[in-house]
Amino acid sequence: MKENPRLLAVRAVRQELATLGIDPFGIQIDEILSPTEGLIQGRRTILAGTNNYLGLTFDPDCIAAARDALESAGTGTTGSRMANGSYAAHRELELDLARFYGKRDAIVFSTGYQANLGMISALAGPGDTVMIDADSHASIYDGCNLSGANTIRFRHNDPNDLAKRMGRLGAEASHALIVVEGVYSMLGDRAPLREFVEVKKAFGATLLVDEAHSMGVLGEKGRGLCEEMGVLGDIDYVVGTFSKSLGNTGGFCVGDSDEMEVLRYASRPYVFTASLPPATIAATRTALRKLAAADDLRLRIRENAARLHAGLAALGFRLGAPANAVVAVLAGEKVEALRFWHHLLKQGVYVNVMVPPATPGNESLLRCSVSAAHTPEQVDAICAAFASWPGARV
Amino acid sequence: MTHQDVVAQLIKLVEPYAEGRVAHITANTGLTGELALDSLKVMDLITDVEDHYEISVPLNTLADIKTVGDLASLIQKHVGNDA
């Protein structure tokens, strides 16, 4: 069969991994034992490479809600909300989210990826301008591509650089859409949201913040970095996901704009995708109630993050950002990072390995994500696995 | 500003990303080809280009840019527009 030339680069990477005998991108968890443990390659393994920040995936109330919905409303909706109808629970979840954020309305999408894709491509089109942070998630880049808008990248977490580039737009700046993330998934670093809000206001632009990695973790009620920074009221659109702190799958956007109801119909990733199944909606609604009241879990995740961060720093590792639910170890060159990742797996610790160009800068990362469900002993075991690496601390 | 002027300046901006992979960069040198710049490095280069020339080069206009010379032509277009 003729080889597709577009797949050559991917095939080369797969071949390289096969030669090394290391395949972090095809890892299989044979059995999930708890929010923080799984069986991988026959070994009981601590899961420090999920985004299960509050550990709600096994919450009995969420499971019961899902089971009830499964039995009463069936396994799936079999179509998109626009073409095949919404279930009452879809709209109820949207109203729950709007109330939780104190925003006018919400739109639920079928994944977090689609929430960014759907919002950016509905808000901007050819001839418009979208300003994005250089370290944006792929869903933001892809949303820009889908929109056909002029996409301009500003230096990571740099409001002055954004202002400089906005200035070059002239009158067009007031129509621009600025997109940033609250917490960046690779390094776990936070955006200077107050300063970004100032730039947005100075130019009269629109600001969308993706809170995928901060919802549930930051803010008094878990409403993310926007809440923690006291700027929630200044953010035009907050995008989030159900697949991290809420322990499920799906995505959403909340906003105060009176165009929210129209936006969903202008969003192809909303219109042409099957809607979330009843069990997912029901478990997510329950998880959202729990998240809002989860002061204890937020305290625990901060304690765990601080413990892991301090433990790894004491071992001499360079870390990507101050303590946060994402703790990234800078791991230098790609092959050495892959070997390091494999070593950790053999010690019974699963983390994520990220290699350029998916990482900021020119460096590989070993990305740990902390859960409120991790015990202090598990956090210490993660540190011990890192400590046992015989290679250099790069 | 001639095409050659822009190419000469662009070579200076590209060199830090090239990391010595190509001894003699010319207008015909491929950005993702001979220079082997990945997508992130190309975007970082564009950020530097924007700052050097005080222009905006949207990422969605880069699809047909293969060589240093292609990028120089695009820059000339933007500088002309913004002048």
# chains A, B, ... in the order shown; residues from 1 in each chain; ligands from 1

call {"tool": "interface_residues", "arguments": {"of": "chain B", "to": "chain A", "cutoff": "6 Å", "atoms": "only C-alpha atoms", "output": "tab-separated table (two decimals) with N, CA and C atoms, in the first residue's frame"}}
result
chain	number	residue	atom	x	y	z
B	40	LEU	N	6.57	25.38	16.31
B	40	LEU	CA	6.73	26.34	17.40
B	40	LEU	C	7.85	27.34	17.08
B	58	PRO	N	-0.22	37.69	10.69
B	58	PRO	CA	-1.12	36.65	11.22
B	58	PRO	C	-0.66	35.24	10.85
B	59	LEU	N	-0.81	34.32	11.80
B	59	LEU	CA	-0.37	32.94	11.56
B	59	LEU	C	-1.08	32.31	10.38

call {"tool": "residues_around", "arguments": {"residues": "B:Val79", "least_positions_apart": "6", "cutoff": "9 Å", "atoms": "only C-alpha atoms", "output": "list in words"}}
result
Tyr53, Glu54 and Ile55 of chain B

call {"tool": "write_last_selection", "arguments": {"atoms": "all heavy atoms", "output": "mmCIF file, in the first residue's frame"}}
result
data_model
loop_
_atom_site.group_PDB
_atom_site.id
_atom_site.type_symbol
_atom_site.label_atom_id
_atom_site.label_comp_id
_atom_site.auth_asym_id
_atom_site.auth_seq_id
_atom_site.Cartn_x
_atom_site.Cartn_y
_atom_site.Cartn_z
ATOM 1 N N TYR B 53 10.102 44.529 12.535
ATOM 2 C CA TYR B 53 9.540 45.411 11.506
ATOM 3 C C TYR B 53 8.318 46.202 11.993
ATOM 4 O O TYR B 53 7.750 46.971 11.217
ATOM 5 C CB TYR B 53 9.164 44.593 10.261
ATOM 6 C CG TYR B 53 10.371 44.120 9.489
ATOM 7 C CD1 TYR B 53 10.845 42.819 9.615
ATOM 8 C CD2 TYR B 53 11.063 44.988 8.643
ATOM 9 C CE1 TYR B 53 11.962 42.388 8.926
ATOM 10 C CE2 TYR B 53 12.182 44.559 7.937
ATOM 11 C CZ TYR B 53 12.628 43.257 8.088
ATOM 12 O OH TYR B 53 13.741 42.830 7.400
ATOM 13 N N GLU B 54 7.918 45.960 13.267
ATOM 14 C CA GLU B 54 6.740 46.656 13.820
ATOM 15 C C GLU B 54 5.506 46.414 12.949
ATOM 16 O O GLU B 54 4.781 47.344 12.576
ATOM 17 C CB GLU B 54 7.010 48.164 13.930
ATOM 18 C CG GLU B 54 8.011 48.530 14.999
ATOM 19 C CD GLU B 54 7.409 48.377 16.404
ATOM 20 O OE1 GLU B 54 6.225 48.711 16.562
ATOM 21 O OE2 GLU B 54 8.116 47.910 17.307
ATOM 22 N N ILE B 55 5.288 45.152 12.617
ATOM 23 C CA ILE B 55 4.142 44.780 11.784
ATOM 24 C C ILE B 55 3.390 43.630 12.448
ATOM 25 O O ILE B 55 3.868 43.054 13.435
ATOM 26 C CB ILE B 55 4.584 44.327 10.366
ATOM 27 C CG1 ILE B 55 5.619 43.179 10.479
ATOM 28 C CG2 ILE B 55 5.138 45.503 9.572
ATOM 29 C CD1 ILE B 55 6.014 42.563 9.148
#

call {"tool": "select_by_dssp", "arguments": {"residues": "chain B", "states": "alpha helix (DSSP H)", "output": "PyMOL selection string"}}
result
chain B and resi 3-18+39-53+68-82

call {"tool": "residues_around", "arguments": {"residues": "A:Glu333", "least_positions_apart": "6", "cutoff": "10 Å", "atoms": "only C-alpha atoms", "output": "list in words"}}
result
Val355, Pro356, Asn362, Glu363, Ser364, Leu365 and Val394 of chain A

call {"tool": "residues_around", "arguments": {"residues": "stretch 80-92 of chain A", "least_positions_apart": "2", "cutoff": "8 Å", "atoms": "only C-alpha atoms", "output": "list of chain:residue names"}}
result
A:Thr77, A:Thr78, A:Glu94, A:Leu95, A:Asp96, A:Val108, A:Tyr265, A:Tyr270, A:Val271, A:Phe272, A:Thr273, A:Ala274, A:Ser275, A:Leu276, A:Pro278, A:Ile281, A:Ala282

call {"tool": "closest_residue", "arguments": {"among": "A:Thr280, A:His156, A:Leu193, A:Ile178", "to": "A:Gly74", "atoms": "only C-alpha atoms"}}
result
A:Thr280

call {"tool": "residues_around", "arguments": {"residues": "A:Thr241", "least_positions_apart": "2", "cutoff": "8 Å", "atoms": "only C-alpha atoms", "output": "CSV table (one decimal) with N, CA and C atoms, in the first residue's frame"}}
result
chain,number,residue,atom,x,y,z
A,111,THR,N,-17.0,18.3,24.4
A,111,THR,CA,-15.7,18.1,25.1
A,111,THR,C,-15.2,19.5,25.3
A,112,GLY,N,-14.1,19.6,26.2
A,112,GLY,CA,-13.5,20.8,26.4
A,112,GLY,C,-12.8,21.4,25.2
A,115,ALA,N,-15.2,23.1,23.2
A,115,ALA,CA,-15.7,24.4,23.8
A,115,ALA,C,-14.8,25.5,23.2
A,211,GLU,N,-10.3,28.2,31.6
A,211,GLU,CA,-10.0,27.8,33.0
A,211,GLU,C,-9.9,26.3,33.2
A,212,ALA,N,-9.6,25.5,32.2
A,212,ALA,CA,-9.6,24.1,32.2
A,212,ALA,C,-8.8,23.5,33.4
A,239,VAL,N,-14.2,29.7,29.5
A,239,VAL,CA,-14.4,28.3,29.0
A,239,VAL,C,-13.8,27.3,30.0
A,243,SER,N,-13.8,17.5,32.2
A,243,SER,CA,-12.9,16.3,32.2
A,243,SER,C,-11.7,16.4,33.1
A,244,LYS,N,-11.7,17.4,34.0
A,244,LYS,CA,-10.6,17.5,34.9
A,244,LYS,C,-11.2,17.5,36.3
A,246,LEU,N,-14.1,18.0,37.4
A,246,LEU,CA,-15.4,17.4,37.5
A,246,LEU,C,-15.5,15.9,37.2
A,249,THR,N,-16.5,14.0,31.2
A,249,THR,CA,-16.1,14.5,29.9
A,249,THR,C,-17.1,15.6,29.4
A,250,GLY,N,-16.7,16.6,28.7
A,250,GLY,CA,-17.5,17.6,28.2
A,250,GLY,C,-16.9,19.0,28.4
A,251,GLY,N,-17.5,20.0,27.9
A,251,GLY,CA,-16.9,21.4,28.0
A,251,GLY,C,-18.0,22.4,28.1
A,252,PHE,N,-17.7,23.6,28.4
A,252,PHE,CA,-18.7,24.7,28.5
A,252,PHE,C,-18.1,26.0,28.3

call {"tool": "closest_residue", "arguments": {"among": "B:Pro16, B:Gly69, B:Gly30, B:Gly80", "to": "B:Asp48", "atoms": "only C-alpha atoms"}}
result
B:Pro16

call {"tool": "residues_around", "arguments": {"residues": "B:Leu45", "least_positions_apart": "6", "cutoff": "9 Å", "atoms": "only C-alpha atoms", "output": "ChimeraX atom specification"}}
result
/B:13-14,17

call {"tool": "residues_around", "arguments": {"residues": "A:Met354", "least_positions_apart": "5", "cutoff": "12 Å", "atoms": "only C-alpha atoms", "output": "short mmCIF file (atom, residue, chain, number, x, y, z; two decimals) with N, CA and C atoms, in the first residue's frame"}}
result
data_model
loop_
_atom_site.label_atom_id
_atom_site.label_comp_id
_atom_site.auth_asym_id
_atom_site.auth_seq_id
_atom_site.Cartn_x
_atom_site.Cartn_y
_atom_site.Cartn_z
N PRO A 24 5.21 6.14 25.71
CA PRO A 24 4.34 6.85 26.65
C PRO A 24 3.03 7.29 26.04
N PHE A 25 2.98 7.37 24.70
CA PHE A 25 1.78 7.90 24.06
C PHE A 25 0.78 6.79 23.72
N GLY A 49 -0.49 11.33 36.51
CA GLY A 49 -0.51 11.88 35.17
C GLY A 49 -1.93 11.98 34.64
N SER A 185 -1.30 24.23 30.97
CA SER A 185 -1.28 22.80 31.30
C SER A 185 0.10 22.19 31.33
N MET A 186 1.05 22.76 30.60
CA MET A 186 2.38 22.13 30.54
C MET A 186 3.20 22.42 31.80
N LEU A 187 3.34 23.71 32.14
CA LEU A 187 4.19 24.08 33.27
C LEU A 187 3.40 24.34 34.54
N ALA A 328 5.57 20.48 37.02
CA ALA A 328 6.33 20.02 35.85
C ALA A 328 7.82 20.03 36.17
N VAL A 329 8.46 18.87 35.94
CA VAL A 329 9.91 18.75 36.10
C VAL A 329 10.55 18.97 34.73
N LEU A 330 11.45 19.91 34.64
CA LEU A 330 12.15 20.16 33.37
C LEU A 330 13.14 19.02 33.16
N ALA A 331 13.03 18.36 32.00
CA ALA A 331 13.75 17.10 31.84
C ALA A 331 14.70 17.10 30.65
N GLY A 332 15.01 18.27 30.11
CA GLY A 332 16.06 18.36 29.10
C GLY A 332 15.75 17.68 27.79
N GLU A 333 16.72 16.93 27.32
CA GLU A 333 16.69 16.34 25.97
C GLU A 333 15.65 15.20 25.90
N LYS A 334 15.08 15.03 24.70
CA LYS A 334 13.92 14.15 24.52
C LYS A 334 14.17 12.69 24.92
N VAL A 335 15.24 12.10 24.41
CA VAL A 335 15.45 10.66 24.65
C VAL A 335 15.71 10.40 26.14
N GLU A 336 16.47 11.31 26.76
CA GLU A 336 16.74 11.15 28.20
C GLU A 336 15.43 11.29 28.98
N ALA A 337 14.58 12.22 28.58
CA ALA A 337 13.29 12.41 29.26
C ALA A 337 12.41 11.18 29.11
N LEU A 338 12.43 10.57 27.93
CA LEU A 338 11.63 9.35 27.71
C LEU A 338 12.14 8.21 28.61
N PHE A 340 13.71 8.58 31.44
CA PHE A 340 13.35 8.98 32.81
C PHE A 340 11.89 8.60 33.06
N TRP A 341 11.01 8.91 32.11
CA TRP A 341 9.58 8.57 32.24
C TRP A 341 9.41 7.06 32.42
N THR A 359 6.04 21.38 23.99
CA THR A 359 6.40 22.04 25.25
C THR A 359 6.90 23.46 24.97
N PRO A 360 6.77 24.35 25.95
CA PRO A 360 7.36 25.68 25.78
C PRO A 360 8.88 25.58 25.78
N GLY A 361 9.53 26.43 25.04
CA GLY A 361 10.99 26.38 25.00
C GLY A 361 11.45 25.18 24.21
N ASN A 362 12.62 24.68 24.55
CA ASN A 362 13.21 23.62 23.75
C ASN A 362 13.45 22.39 24.61
N GLU A 363 12.60 22.23 25.63
CA GLU A 363 12.92 21.25 26.65
C GLU A 363 11.77 20.27 26.87
N SER A 364 12.11 19.03 27.22
CA SER A 364 11.09 18.05 27.56
C SER A 364 10.65 18.25 29.00
N LEU A 365 9.47 17.74 29.30
CA LEU A 365 8.92 17.89 30.65
C LEU A 365 8.43 16.54 31.16
N LEU A 366 8.56 16.33 32.45
CA LEU A 366 7.84 15.26 33.12
C LEU A 366 6.78 15.95 33.96
N ARG A 367 5.54 15.83 33.50
CA ARG A 367 4.46 16.62 34.09
C ARG A 367 3.68 15.74 35.07
N CYS A 368 3.69 16.17 36.33
CA CYS A 368 2.90 15.49 37.35
C CYS A 368 1.64 16.31 37.60
#

call {"tool": "atom_distance", "arguments": {"atom1": "atom CA of A:Arg194", "atom2": "atom CA of A:Val326"}}
result
21.6 Å
